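Data file: final27.cif. Format and content: mmCIF, C-alpha atoms and all ligand atoms.
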```
data_upload
loop_
_atom_site.label_atom_id
_atom_site.label_comp_id
_atom_site.auth_asym_id
_atom_site.auth_seq_id
_atom_site.Cartn_x
_atom_site.Cartn_y
_atom_site.Cartn_z
CA MET K 1 -16.37 -5.97 2.33
CA LYS K 2 -14.15 -5.53 -0.72
CA LYS K 3 -10.69 -7.13 -0.54
CA ILE K 4 -7.36 -5.36 -1.03
CA ALA K 5 -4.80 -6.97 -3.34
CA ILE K 6 -1.14 -6.55 -2.51
CA MET K 7 1.29 -7.33 -5.30
CA MET K 8 5.06 -7.14 -5.09
CA GLY K 9 7.65 -7.56 -7.80
CA SER K 10 9.78 -9.93 -5.76
CA ASP K 11 9.71 -11.67 -2.40
CA SER K 12 12.69 -9.44 -1.56
CA ASP K 13 10.08 -6.65 -1.24
CA LEU K 14 8.38 -8.49 1.64
CA PRO K 15 10.03 -6.58 4.52
CA VAL K 16 8.41 -3.42 3.12
CA VAL K 17 5.10 -5.03 2.16
CA GLU K 18 4.67 -6.56 5.60
CA LYS K 19 3.94 -3.09 6.99
CA ALA K 20 0.90 -2.84 4.68
CA ILE K 21 -0.24 -6.31 5.69
CA ALA K 22 0.00 -5.35 9.38
CA VAL K 23 -2.26 -2.32 8.84
CA LEU K 24 -4.86 -4.31 6.89
CA LYS K 25 -4.86 -6.93 9.66
CA GLN K 26 -5.28 -4.21 12.31
CA PHE K 27 -8.37 -2.91 10.47
CA GLU K 28 -9.67 -6.44 9.76
CA VAL K 29 -9.76 -5.75 6.02
CA PRO K 30 -9.55 -8.90 3.87
CA TYR K 31 -6.56 -9.07 1.54
CA GLU K 32 -4.55 -11.29 -0.80
CA VAL K 33 -0.80 -11.09 -1.28
CA HIS K 34 1.02 -12.11 -4.47
CA VAL K 35 4.46 -11.95 -6.05
CA TYR K 36 3.77 -10.79 -9.61
CA SER K 37 6.43 -9.09 -11.65
CA ALA K 38 5.74 -6.80 -14.60
CA HIS K 39 8.77 -8.20 -16.39
CA ARG K 40 9.28 -11.70 -14.97
CA THR K 41 5.63 -12.84 -14.84
CA PRO K 42 3.78 -10.24 -16.92
CA GLU K 43 0.97 -12.60 -17.96
CA GLU K 44 0.11 -13.51 -14.35
CA ALA K 45 0.11 -9.85 -13.32
CA LYS K 46 -2.15 -9.01 -16.26
CA VAL K 47 -4.66 -11.82 -15.66
CA PHE K 48 -4.90 -10.99 -11.95
CA SER K 49 -5.46 -7.29 -12.67
CA GLU K 50 -8.03 -7.89 -15.40
CA ASN K 51 -10.09 -10.08 -13.07
CA ALA K 52 -9.53 -8.22 -9.80
CA ARG K 53 -12.79 -6.24 -9.82
CA LYS K 54 -14.99 -9.25 -10.53
CA ASN K 55 -13.04 -11.25 -7.94
CA GLY K 56 -14.12 -8.87 -5.18
CA PHE K 57 -11.19 -6.49 -4.86
CA GLY K 58 -11.69 -2.77 -4.21
CA ALA K 59 -8.14 -1.52 -4.66
CA ILE K 60 -4.68 -2.83 -5.49
CA ILE K 61 -1.35 -2.06 -3.83
CA ALA K 62 1.72 -2.62 -6.00
CA ALA K 63 5.20 -2.58 -4.48
CA ALA K 64 8.32 -2.78 -6.61
CA GLY K 65 11.89 -1.60 -6.68
CA MET K 66 14.42 -0.61 -9.37
CA ALA K 67 12.79 0.19 -12.76
CA ALA K 68 9.46 -0.39 -11.04
CA HIS K 69 6.77 -0.40 -13.68
CA LEU K 70 4.61 -2.96 -11.81
CA ALA K 71 2.02 -0.46 -10.55
CA GLY K 72 1.61 1.07 -14.01
CA ALA K 73 1.41 -2.32 -15.68
CA ILE K 74 -1.33 -3.33 -13.25
CA ALA K 75 -3.19 -0.04 -13.68
CA ALA K 76 -3.14 -0.59 -17.45
CA ASN K 77 -5.33 -3.66 -16.95
CA THR K 78 -7.89 -2.49 -14.38
CA THR K 79 -9.94 0.57 -13.47
CA LEU K 80 -9.64 -0.24 -9.76
CA PRO K 81 -7.57 2.31 -7.84
CA VAL K 82 -3.89 1.31 -7.84
CA VAL K 83 -1.55 2.51 -5.10
CA GLY K 84 2.15 2.21 -5.91
CA ILE K 85 4.90 1.76 -3.34
CA PRO K 86 8.35 2.58 -4.72
CA VAL K 87 10.70 0.18 -2.91
CA VAL K 88 14.19 1.29 -1.95
CA SER K 89 16.59 -1.18 -3.58
CA GLY K 90 19.42 -1.31 -6.10
CA GLY K 91 22.21 1.10 -6.92
CA LEU K 92 20.03 4.20 -7.26
CA GLY K 93 18.60 3.98 -3.76
CA GLY K 94 14.98 3.82 -4.86
CA LEU K 95 14.97 7.01 -6.94
CA ASP K 96 14.50 4.86 -10.06
CA ALA K 97 11.50 3.13 -8.46
CA LEU K 98 10.03 6.45 -7.32
CA LEU K 99 10.21 8.00 -10.78
CA SER K 100 8.97 4.84 -12.53
CA THR K 101 5.94 4.70 -10.22
CA VAL K 102 5.03 8.35 -9.88
CA GLN K 103 5.51 9.58 -13.45
CA MET K 104 2.50 7.88 -15.02
CA PRO K 105 1.33 9.20 -18.38
CA SER K 106 -2.11 10.83 -18.33
CA GLY K 107 -5.06 8.44 -18.45
CA ILE K 108 -3.68 5.56 -16.36
CA PRO K 109 -3.40 6.84 -12.78
CA VAL K 110 -1.23 5.37 -10.04
CA ALA K 111 -1.48 6.94 -6.57
CA THR K 112 2.11 6.88 -5.37
CA VAL K 113 3.02 6.89 -1.69
CA ALA K 114 6.45 7.59 -0.20
CA MET K 115 9.38 5.29 -0.86
CA ASN K 116 8.78 2.19 1.30
CA GLY K 117 5.49 3.86 2.38
CA ALA K 118 3.61 0.60 2.83
CA ALA K 119 1.61 1.60 5.91
CA ASN K 120 0.25 4.67 4.13
CA ALA K 121 -0.56 2.58 1.05
CA ALA K 122 -2.75 0.36 3.19
CA LEU K 123 -4.32 3.31 4.98
CA LEU K 124 -5.12 5.00 1.67
CA CYS K 125 -6.86 1.84 0.43
CA ILE K 126 -8.78 1.60 3.71
CA GLU K 127 -9.86 5.22 3.27
CA MET K 128 -11.20 4.30 -0.18
CA LEU K 129 -13.22 1.41 1.26
CA ALA K 130 -14.38 3.64 4.12
CA ILE K 131 -16.14 5.98 1.66
CA THR K 132 -19.04 3.52 1.77
CA ASP K 133 -18.25 1.69 5.04
CA GLU K 134 -19.13 3.53 8.27
CA THR K 135 -17.49 0.91 10.50
CA LEU K 136 -14.17 1.32 8.72
CA ALA K 137 -14.53 5.11 8.84
CA ALA K 138 -15.01 4.92 12.62
CA LYS K 139 -11.89 2.76 12.93
CA LEU K 140 -9.91 5.34 10.95
CA ASP K 141 -11.16 8.08 13.29
CA ALA K 142 -10.18 5.98 16.32
CA LYS K 143 -6.68 5.46 14.92
CA ARG K 144 -6.21 9.21 14.47
CA VAL K 145 -7.22 9.75 18.11
CA ALA K 146 -4.83 7.00 19.30
CA ASP K 147 -1.98 8.33 17.15
CA LYS K 148 -2.54 11.82 18.56
CA SER K 149 -2.40 10.51 22.13
CA ALA K 150 0.83 8.66 21.37
CA VAL K 151 2.48 11.82 19.99
CA LEU K 152 1.32 13.92 22.94
CA GLU K 153 2.77 11.29 25.29
CA LYS K 154 6.10 11.53 23.40
CA ASP K 155 5.97 15.31 23.80
CA ARG K 156 5.38 14.92 27.51
CA ARG K 157 8.35 12.51 27.89
CA VAL K 158 10.75 14.64 25.79
CA ALA K 159 9.75 17.79 27.65
CA GLU K 160 10.23 16.04 30.99
CA GLN K 161 13.70 14.83 30.00
CA PHE K 162 15.09 17.96 28.34
CA ASN K 163 13.27 21.09 29.48
CA ALA K 164 15.44 23.12 31.85
C1 LIG K 201 11.95 -5.56 -8.65
O1 LIG K 201 13.32 -5.72 -8.58
C2 LIG K 201 11.41 -6.08 -7.33
O2 LIG K 201 10.23 -5.41 -6.99
C3 LIG K 201 12.52 -5.82 -6.36
O3 LIG K 201 12.31 -4.63 -5.60
C4 LIG K 201 13.75 -5.66 -7.24
C5 LIG K 201 14.79 -6.72 -7.00
O4 LIG K 201 14.21 -8.00 -7.16
P1 LIG K 201 15.03 -9.31 -6.78
O5 LIG K 201 16.24 -9.31 -7.68
O6 LIG K 201 15.40 -9.19 -5.32
O7 LIG K 201 14.10 -10.47 -7.04
O8 LIG K 201 11.38 -6.23 -9.70
#
```

How would this structure read if it were set down as structure tokens?
Ligand code: RP5
Amino acid sequence: MKKIAIMMGSDSDLPVVEKAIAVLKQFEVPYEVHVYSAHRTPEEAKVFSENARKNGFGAIIAAAGMAAHLAGAIAANTTLPVVGIPVVSGGLGGLDALLSTVQMPSGIPVATVAMNGAANAALLCIEMLAITDETLAAKLDAKRVADKSAVLEKDRRVAEQFNA
């Protein structure tokens, strides 16, 4: 199975990134996690991205806050799908990261999830791998069924507590 790379601009992004790691673990998808910054360690980020496809990766998640150009910088150096997570941090509350990640110029795509949307970033990458992996596709279906049951159970409990 292809691996998923998770890059973050700083270890201060870890509390967000851990939610992506948890999902990949749950689906038993192999992954690597790195701290690579587009502005503090640009060469390392570039070398990793350039070699990611031949090193067995199928998609890359990039999480960064503030003027977060990490996902775009990675996407510039690979044709693997790149999923950006704008991280909420700094004085602008993550709006800067959202705009820096989502507003990619035409030709270098970054699929941007919600601010701090790490679980969805992992799920989106798993969905990409599941295009050619029936076992993963079945696990995704099973998760949808389990999630539905959990919501229906919440409905039952709320109705029981509040309905007059
Ligand atoms: C970004 O700047 C990182 O992704 C992080 O979200 C933010 C702050 O980094 P630190 O100052 O905590 O290292 O590059």

Distance criterion (all atoms listed in the file): nearest to ligand LIG 201 (chain K) out of K:Val87, K:Leu14, K:Val23, K:Val33:
K:Val87

Selected residue of minimal separation from ligand LIG 201 (chain K) among K:Thr101, K:Ser37, K:Thr132, K:Asn51, counting all atoms listed in the file
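Checking each candidate against ligand LIG 201 (chain K), we get K:Ser37 as the closest.
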
List all protein, DNA and RNA residues that have at least one atom no more than 10 Å from any atom of ligand LIG 201 (chain K), counting all atoms listed in the file, and write them as JSON, numbers by chain.
{"K": [7, 8, 9, 10, 11, 12, 13, 14, 16, 35, 36, 37, 38, 39, 40, 62, 63, 64, 65, 66, 67, 68, 69, 70, 85, 86, 87, 88, 89, 90, 94, 97]}

Which of K:Leu98, K:Ala122, K:Ala142, K:Ala45 sits closest to K:Tyr31 [using only C-alpha atoms]
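Nearest candidate to K:Tyr31 out of K:Leu98, K:Ala122, K:Ala142, K:Ala45: K:Ala122.
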
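Distance-wise, atom CA of K:Ala5 and atom CA of K:Ala76 end up 15.6 Å apart.
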
d(atom CA of K:Lys25, atom CA of K:Asp155) in Å:
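Interatomic distance here is 28.5 Å.
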
List as a count of residues only the protein and nucleic acid residues near K:Ala137, meaning an atom at most 12 Å away when only C-alpha atoms are counted, but skip any in the same chain fewer than 4 places from it.
16

What does the distance between atom CA of K:Glu32 and atom CA of K:Lys3 come to in Å, to one decimal place?
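Those two atoms sit 7.4 Å apart.
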
Here is a test: counting all atoms listed in the file, which residue of K:Arg157, K:Lys2, K:Lys54, K:Lys148 is nearest to K:Glu28?
K:Lys2

Padding of 6 Å on every side, edges along x, y and z, all listed atoms of stretch 117-136 of chain K included: what centre and edge lengths in Å, to one decimal, does that box have, as AutoDock Vina command-line options?
```
--center_x -6.8 --center_y 3.2 --center_z 5.2 --size_x 36.6 --size_y 17.6 --size_z 22.7
```

Considering all atoms listed in the file, give me a table of residues in stretch 30-77 of chain K that are at most 9 Å from stretch 107-115 of chain K, with the closest atom pair and distance in Å for each, as a tab-separated table.
```
residue	atom	partner	partner_atom	distance
K:Ala71	CA	K:Val110	CA	6.7
K:Gly72	CA	K:Val110	CA	6.5
K:Ala75	CA	K:Ile108	CA	6.2
K:Ala76	CA	K:Ile108	CA	6.3
```

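Proximity to K:Ile21 was assessed for K:Val47, K:Ala119, K:Leu80, K:Met1 counting only C-alpha atoms; the smallest distance is recorded for K:Ala119.
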